[in-house]
Every structure is written in C-alpha cells, then in structure tokens.
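What follows is a short report on a single structure.
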Amino acid sequence: MAHKVVPLKVYVSIFAALLVGTALTVGANFVHFGRFNLIIALLIAFTKASLVVLFFMHVKQSSPLTKVFVVSGMFWFCLLIAGTFADYASRDWLPALGAWENKPVLEQHGR
Amino acid sequence: MAEVQTPISPHGIPPEGQPEHPESTTHPSFHHHFDDMEQQFEASHMGMWLFLVTEIMFFGGLFAAYTIYRSTYPEAFADTSRFMNLGLGAFNTAVLIGSSLTMALAVRSAQINQQKATVWFLIGTIILGSIFLGVKAVEYHHKWVEHLVPGANFQYEGPYAHQAQILFVFYFLMTGVHAAHMIIGVGLLSTLIWMAHRGRFSSEYFTWMEMTGLYWHFVDIVWIFLFPLLYLIGSRAPGGG
C-alpha cells in the first residue's frame with residue numbers, strides 16, 4: 001500500500017507546537033488586549049486545529065477528495081455562523097413588513 | 001499456442017490494461033467488491049471523513065448558539081471565568097494533546113509492523129483519555145458543590161445570575177457531549193487493543209487504527225476550541241476587564 005509513514009520527528013514536533021500554543025493561549029489570558037483577547041485565543045485555536053488536521057489526521061498527504069471534504073465541512077460551518085449572525089444582527093434594522101404592522105410605521109412617518 | 005490463464009483472484013478477472021495486485025487482494029481483510037486494498041482503504045477513509053463532517057455540523061450548532069448568547073451578554077459571560085479552574089482546564093488540554101500524540105504513534109507503529117508498540121501506545125492513549133475524564137469529573141463535582149449546575153439549586157453572586165446560568169448550560173452541554181465522545185473513544189480503543197494484540201494490523205491493513213485515530217483527533221480538536229471559549233472568556237489580567 002502506498003501509505004507514507006510520517007517520521008517520528010514530525011509527530012513529536014507537532015506535539016511540542018501544540019503544547020506551546022496551549023501555553024500561549026493561557027499566557028494571553030493574563031494580558032489585557034480588550035476585544036483582541038478573543039481574536040488571539042481563536043487564532044491560536046485555529047492554528048492548533050490546523051496542525052492536528054494536517055499532520056495527526058494525515059490530511060496533508062491525503063487525496064484531493066479528502067481535502068475537499070475537510071474544507072467543505074469548515075465552509076458549511078462558516079455558513080451556519082454567518083447566516084445565524086446575519087439574522088440576529090439585523091433584526092432591529094427594519095420594521096417588520098407584515099400588513100398588520102405596517103400601519104404604526106406609516107403613522108410614525110406622518111402618512 | 002495455449003492462452004495463459006489469468007490467475008483467479010478474490011475480485012475476479014482484473015480489467016484489461018490494469019495491473020493485478022495479487023499481494024494486496026489475497027489479504028484476509030480484503031473485501032471482494034473492491035479492486036485492491038488501496039481502494040478499500042480510501043473508501044473507508046472517505047466514509048469516516050463524511051461522518052466527521054456531520055460531527056462538525058453537530059458541534060457547530062452548539063458553537064453557533066454559544067456565539068449568539070455570548071455576543072448578547074458579553075459582560076455576564078466574561079464574569080463566569082472566575083469560576084472556571086484554569087489550571088485543571090490547561091492541564092486537561094495538555095493531557096488530550098498528549099493522547100493525540102500517542103494515538104498518532106500507535107497508528108504509525110501499526111504501519112511499520114511493530115505490534116507490541118501499537119498495543120502499548122493504545123494503552124497509553126486510553127490512560128491519558130481516562131485522566132482527562134477523571135479531571136473533568138472533579139471539575140463537575142466542584143461546580144455541583146458551588147451550586148453552579150443550572151436548575152433549581154443554581155446560586156450565583158452578582159448582577160448576572162440569569163445570564164450566567166445560560167453560560168453554565170452551554171458549559172455542561174458542550175463539555176458533556178465532548179466527554180460522551182471521549183467515553184465512546186475509550187470503548188473503541190479497548191477494541192483496538194484486543195485487535196492489535198491478536199495481530200490484526202500491519203502495514204498492509206490498518207484501516208481500523210487510522211479511522212479511530214481520525215475520530216480521536218477530531219475529539220481533541222473540539223476541546224482545543226472548547227478550552228478558550230469556556231475557560232478564557234474574561235481576561236485574567238490584573239486590573240483589566
């Protein structure tokens with residue numbers, strides 16, 4: 001079978017990098033970055049997750065079809081977050097346009 | 001001139017123009033409806049990733065709901081961080097990363113025909129996974145004693161009691177579902193130890209090892225996101241918010 005055996009060194013380095021990432025996340029929590037605290041924590045988490053996916057889960061050496069599966073999974077998750085947020089963020093922007101709710105809006109505008 | 005008869009292989013006569021792989025189609029784990037071991041592995045691999053994509057959507061729903069509530073009540077969510085045990089959370093993160101390493105090394109040992117090492121790395125993975133679950137149980141006990149389990153006995157000092165209760169619902173739901181995945185993983189690993197011990201895996205055939213590895217690493221990734229999102233909401237900077 002044409003399965004490449006990944007050298008031991010690679011696994012151990014990825015393990016070390018993941019531990020460093022964990023230490024950085026904890027360390028960043030003790031510094032005040034305001035709203036960037038969340039962004040930094042998420043960036044480190046995404047980096048750690050990518051290392052696990054690429055090396056421990058062997059996606060780096062997998063078939064293109066596997067890569068499509070991985071990317072599509074993340075893409076759909078982004079759609080889920082984006083769609084949900086678009087709804088929650090825009091709820092107060094416009095008055096609801098049901099016929100029964102139109103009247104007060106029109107009155108509000110003096111018509 | 002008599003025609004040379006094609007050797008009969010488990011998958012029948014090979015299609016014209018394609019080389020036969022007799023060494024990879026006589027393996028006891030080979031199923032006859034595949035062309036060769038490589039294709040059989042790829043099919044399992046694809047199915048496993050399809051399952052993991054559904055798992056992304058499963059946890060994704062929880063993460064999306066969490067994100068909505070956190071953006072609605074940012075101060076209340078940040079306030080709960082004082083009840084999260086950062087030391088135990090960070091320790092468990094390291095333990096789980098370690099278990100991913102031993103899992104990856106177990107798969108690697110199977111790939112290079114080191115049966116004993118495979119068994120030992122699998123046992124190591126189970127031990128680390130159990131340590132994670134034990135620490136999680138200790139944390140749950142602390143929350144129980146401190147009346148932080150959502151429900152009738154929930155008690156929370158400060159102005160954010162109701163909103164904080166929502167965070168603890170997410171805390172128990174998300175870590176609970178994650179722990180359930182870990183318990184299933186430990187069950188899978190126990191089966192693997194038995195199979196590896198009986199010499200079922202080799203460089204020719206290690207599908208079960210690789211698929212369980214994918215599952216275990218996926219559960220690790222979920223925790224990689226849960227740790228900062230549940231334990232590190234509020235900054236612990238001195239004098240900062």
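Ligands are numbered from 1 in the order shown, residues from 1 within each chain, and chains are lettered A, B, ... in the order they appear in the structure tokens.
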Just list the residues in segment 4-106 of chain A DSSP gives helix (DSSP H, G or I) on the backbone, as a VMD selection string. chain A and resid 8 to 28 36 to 56 59 to 61 64 to 90 99 to 106
Pull C-alpha atoms from the residues just selected and write them as a short mmCIF file (atom, residue, chain, number, x, y, z; two decimals), in the first residue's frame.
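result_13.cif, written as the output of this step:
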data_model
loop_
_atom_site.label_atom_id
_atom_site.label_comp_id
_atom_site.auth_asym_id
_atom_site.auth_seq_id
_atom_site.Cartn_x
_atom_site.Cartn_y
_atom_site.Cartn_z
CA LEU A 8 8.63 10.22 14.36
CA LYS A 9 10.29 13.65 14.49
CA VAL A 10 7.27 15.26 12.75
CA TYR A 11 4.77 13.90 15.30
CA VAL A 12 6.89 14.98 18.26
CA SER A 13 7.42 18.49 16.81
CA ILE A 14 3.69 18.91 16.22
CA PHE A 15 3.03 17.76 19.80
CA ALA A 16 5.55 20.34 21.08
CA ALA A 17 3.98 23.07 18.91
CA LEU A 18 0.52 22.23 20.30
CA LEU A 19 1.82 22.49 23.88
CA VAL A 20 3.44 25.87 23.08
CA GLY A 21 0.11 27.01 21.58
CA THR A 22 -1.70 25.99 24.78
CA ALA A 23 0.83 27.90 26.90
CA LEU A 24 0.45 30.98 24.65
CA THR A 25 -3.38 30.86 24.97
CA VAL A 26 -3.16 30.71 28.76
CA GLY A 27 -0.49 33.43 28.82
CA ALA A 28 -2.51 35.77 26.58
CA PHE A 36 -8.37 41.23 20.83
CA ASN A 37 -8.20 38.67 23.66
CA LEU A 38 -10.91 36.65 21.90
CA ILE A 39 -9.34 37.08 18.45
CA ILE A 40 -5.91 35.98 19.72
CA ALA A 41 -7.41 32.95 21.51
CA LEU A 42 -9.34 31.92 18.38
CA LEU A 43 -6.32 32.43 16.08
CA ILE A 44 -4.21 30.17 18.30
CA ALA A 45 -7.04 27.58 18.43
CA PHE A 46 -7.37 27.60 14.61
CA THR A 47 -3.61 27.20 14.23
CA LYS A 48 -3.59 24.27 16.68
CA ALA A 49 -6.59 22.65 14.97
CA SER A 50 -4.92 23.03 11.56
CA LEU A 51 -1.76 21.32 12.83
CA VAL A 52 -3.83 18.40 14.16
CA VAL A 53 -5.83 18.10 10.91
CA LEU A 54 -2.80 18.35 8.61
CA PHE A 55 -0.34 16.13 10.47
CA PHE A 56 -2.06 13.91 13.07
CA VAL A 59 -4.77 15.39 5.55
CA LYS A 60 -1.53 16.90 4.24
CA GLN A 61 -0.77 13.61 2.44
CA PRO A 64 -7.61 15.76 -3.03
CA LEU A 65 -11.13 14.41 -2.38
CA THR A 66 -10.40 14.21 1.37
CA LYS A 67 -9.18 17.81 1.31
CA VAL A 68 -12.45 18.83 -0.39
CA PHE A 69 -14.40 17.09 2.42
CA VAL A 70 -12.43 18.88 5.13
CA VAL A 71 -12.74 22.31 3.50
CA SER A 72 -16.45 21.83 2.73
CA GLY A 73 -17.10 20.88 6.37
CA MET A 74 -15.49 24.10 7.56
CA PHE A 75 -17.20 26.09 4.81
CA TRP A 76 -20.66 24.88 5.89
CA PHE A 77 -19.83 25.71 9.49
CA CYS A 78 -18.92 29.26 8.39
CA LEU A 79 -22.25 29.49 6.52
CA LEU A 80 -24.05 28.40 9.69
CA ILE A 81 -22.36 31.10 11.77
CA ALA A 82 -22.69 33.78 9.06
CA GLY A 83 -26.37 33.06 8.38
CA THR A 84 -27.32 32.95 12.06
CA PHE A 85 -25.42 36.15 12.79
CA ALA A 86 -26.87 37.97 9.77
CA ASP A 87 -30.31 37.24 11.23
CA TYR A 88 -29.57 38.24 14.84
CA ALA A 89 -27.55 41.32 13.91
CA SER A 90 -30.15 42.73 11.51
CA ALA A 99 -49.65 44.10 6.75
CA TRP A 100 -50.90 44.34 10.33
CA GLU A 101 -47.69 46.00 11.42
CA ASN A 102 -47.48 48.48 8.57
CA LYS A 103 -49.92 50.97 9.99
CA PRO A 104 -47.97 52.20 13.02
CA VAL A 105 -44.88 52.56 10.85
CA LEU A 106 -46.75 54.69 8.32
#
task: Give me, as a ChimeraX atom specification, the contact residues of chain B against chain A at a cut-off of 8 Å, counting only C-alpha atoms.
output: /B:24,37-38,46,49-50,53-54,56-57,60-61,64,68,90,93-94,97-98,100-101,104-105,108,111-112,203-204,213-214,217,221,224-225,228,232-238,240-241
Kindly export the residues of the current selection with N, CA and C atoms, as a compact mmCIF listing (two decimals), in the first residue's frame.
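Saved to part.txt:
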# COMPACT_ATOMS: atom_id res chain seq x y z
N SER B 24 -2.00 -7.75 -2.72
CA SER B 24 -2.91 -6.91 -1.94
C SER B 24 -4.37 -7.38 -2.06
N MET B 37 -6.54 -3.28 -2.07
CA MET B 37 -6.53 -2.81 -0.68
C MET B 37 -6.53 -1.29 -0.61
N GLU B 38 -5.83 -0.66 -1.55
CA GLU B 38 -5.74 0.79 -1.57
C GLU B 38 -7.13 1.41 -1.72
N MET B 46 -12.96 7.85 3.18
CA MET B 46 -13.96 8.82 2.71
C MET B 46 -15.19 8.80 3.62
N TRP B 49 -14.49 10.47 6.93
CA TRP B 49 -14.46 11.93 6.86
C TRP B 49 -15.87 12.49 6.69
N LEU B 50 -16.72 11.76 5.95
CA LEU B 50 -18.11 12.21 5.80
C LEU B 50 -18.77 12.25 7.18
N VAL B 53 -17.57 15.22 9.08
CA VAL B 53 -18.21 16.46 8.63
C VAL B 53 -19.57 16.62 9.31
N THR B 54 -20.32 15.50 9.47
CA THR B 54 -21.59 15.61 10.19
C THR B 54 -21.33 15.97 11.65
N ILE B 56 -18.87 17.89 12.66
CA ILE B 56 -18.59 19.33 12.66
C ILE B 56 -19.91 20.09 12.74
N MET B 57 -20.91 19.62 11.96
CA MET B 57 -22.20 20.32 11.98
C MET B 57 -22.90 20.13 13.33
N GLY B 60 -21.12 22.21 15.61
CA GLY B 60 -21.26 23.55 15.04
C GLY B 60 -22.52 24.24 15.53
N GLY B 61 -23.63 23.49 15.62
CA GLY B 61 -24.88 24.07 16.12
C GLY B 61 -24.70 24.60 17.53
N ALA B 64 -22.55 27.70 17.43
CA ALA B 64 -23.29 28.85 16.90
C ALA B 64 -24.20 29.43 17.98
N ILE B 68 -24.03 33.26 19.70
CA ILE B 68 -25.14 34.22 19.77
C ILE B 68 -25.31 34.73 21.21
N ALA B 90 -6.22 23.81 31.60
CA ALA B 90 -4.98 23.80 30.82
C ALA B 90 -4.32 22.43 30.93
N THR B 93 -6.05 20.08 28.68
CA THR B 93 -5.70 20.34 27.27
C THR B 93 -4.40 19.64 26.93
N ALA B 94 -3.40 19.78 27.82
CA ALA B 94 -2.11 19.14 27.58
C ALA B 94 -2.27 17.62 27.55
N ILE B 97 -3.80 16.58 24.24
CA ILE B 97 -2.81 16.70 23.15
C ILE B 97 -1.84 15.53 23.22
N GLY B 98 -1.43 15.17 24.47
CA GLY B 98 -0.55 14.02 24.64
C GLY B 98 -1.20 12.73 24.15
N SER B 100 -3.39 12.51 21.82
CA SER B 100 -3.39 12.54 20.35
C SER B 100 -2.04 12.09 19.82
N LEU B 101 -0.96 12.49 20.53
CA LEU B 101 0.37 12.06 20.09
C LEU B 101 0.49 10.54 20.19
N ALA B 104 -1.45 8.92 17.42
CA ALA B 104 -0.77 9.01 16.12
C ALA B 104 0.39 8.02 16.06
N LEU B 105 1.10 7.88 17.21
CA LEU B 105 2.23 6.95 17.23
C LEU B 105 1.77 5.50 17.18
N ARG B 108 1.15 4.83 13.62
CA ARG B 108 2.45 4.72 12.95
C ARG B 108 3.09 3.37 13.22
N GLN B 111 1.62 0.82 11.12
CA GLN B 111 2.07 0.96 9.73
C GLN B 111 3.43 0.32 9.50
N ILE B 112 4.27 0.32 10.56
CA ILE B 112 5.62 -0.26 10.37
C ILE B 112 5.73 -1.61 11.07
N SER B 203 1.31 -3.25 8.02
CA SER B 203 1.45 -2.19 7.02
C SER B 203 0.45 -2.39 5.88
N GLU B 204 -0.02 -3.64 5.71
CA GLU B 204 -0.99 -3.95 4.66
C GLU B 204 -2.39 -3.45 5.02
N GLY B 213 -8.15 6.71 14.94
CA GLY B 213 -7.26 7.85 15.12
C GLY B 213 -7.92 9.14 14.67
N LEU B 214 -8.56 9.12 13.49
CA LEU B 214 -9.23 10.32 12.98
C LEU B 214 -10.29 10.79 13.98
N HIS B 217 -8.60 12.31 17.15
CA HIS B 217 -8.03 13.63 16.89
C HIS B 217 -9.15 14.67 16.73
N ILE B 221 -9.68 18.16 18.72
CA ILE B 221 -9.87 19.48 18.11
C ILE B 221 -11.05 20.20 18.76
N ILE B 224 -9.84 21.69 21.80
CA ILE B 224 -8.94 22.82 21.53
C ILE B 224 -9.75 24.12 21.42
N PHE B 225 -11.00 24.02 20.89
CA PHE B 225 -11.85 25.21 20.82
C PHE B 225 -12.63 25.42 22.12
N PRO B 228 -10.50 27.55 25.21
CA PRO B 228 -10.51 29.02 25.26
C PRO B 228 -11.92 29.60 25.34
N LEU B 232 -11.63 30.81 29.15
CA LEU B 232 -10.86 32.05 28.99
C LEU B 232 -11.72 33.19 28.44
N ILE B 233 -13.02 33.23 28.83
CA ILE B 233 -13.89 34.27 28.27
C ILE B 233 -13.44 35.64 28.79
N GLY B 234 -13.34 35.76 30.12
CA GLY B 234 -12.90 37.03 30.70
C GLY B 234 -11.39 37.02 30.87
N SER B 235 -10.74 38.14 30.56
CA SER B 235 -9.30 38.24 30.73
C SER B 235 -8.97 38.21 32.22
N ARG B 236 -7.88 37.48 32.57
CA ARG B 236 -7.44 37.44 33.96
C ARG B 236 -6.33 38.48 34.22
N ALA B 237 -6.20 39.47 33.33
CA ALA B 237 -5.18 40.49 33.50
C ALA B 237 -5.47 41.29 34.76
N PRO B 238 -4.41 41.60 35.55
CA PRO B 238 -4.64 42.38 36.77
C PRO B 238 -5.17 43.77 36.43
N GLY B 240 -7.60 44.58 34.71
CA GLY B 240 -8.30 44.69 33.42
C GLY B 240 -9.63 43.98 33.47
N GLY B 241 -10.45 44.17 32.43
CA GLY B 241 -11.78 43.58 32.40
C GLY B 241 -11.81 42.28 31.69
| request: Tell me, in Å to one decimal, how far atom CA of Val119 of chain B is from atom CA of Leu133 of chain B. | output: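 Separating atom CA of Val119 of chain B from atom CA of Leu133 of chain B is a distance of 21.1 Å.
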Between atom CA of Phe170 of chain B and atom CA of Tyr66 of chain B lies a distance of 6.7 Å
For atom CA of His32 of chain B and atom CA of Gln114 of chain B, quote the distance in Å rounded to one decimal.
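Those two atoms sit 27.3 Å apart.
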All residues 9 Å or closer to Ser130 of chain B, only C-alpha atoms, same chain fewer than 5 positions away omitted, as a CSV table (one decimal) with N, CA and C atoms, in the first residue's frame:
chain,number,residue,atom,x,y,z
B,125,THR,N,-2.8,5.8,25.2
B,125,THR,CA,-3.9,6.7,24.8
B,125,THR,C,-5.1,6.6,25.7
B,135,VAL,N,-10.3,14.2,35.5
B,135,VAL,CA,-10.2,15.6,35.9
B,135,VAL,C,-11.5,16.3,35.6
B,182,MET,N,-15.6,11.2,24.2
B,182,MET,CA,-14.3,10.6,24.8
B,182,MET,C,-14.6,9.1,25.3
B,183,ILE,N,-15.8,9.0,26.0
B,183,ILE,CA,-16.1,7.6,26.5
B,183,ILE,C,-16.3,6.6,25.4
B,186,VAL,N,-12.8,5.8,24.2
B,186,VAL,CA,-12.2,4.8,25.1
B,186,VAL,C,-12.7,3.4,24.7
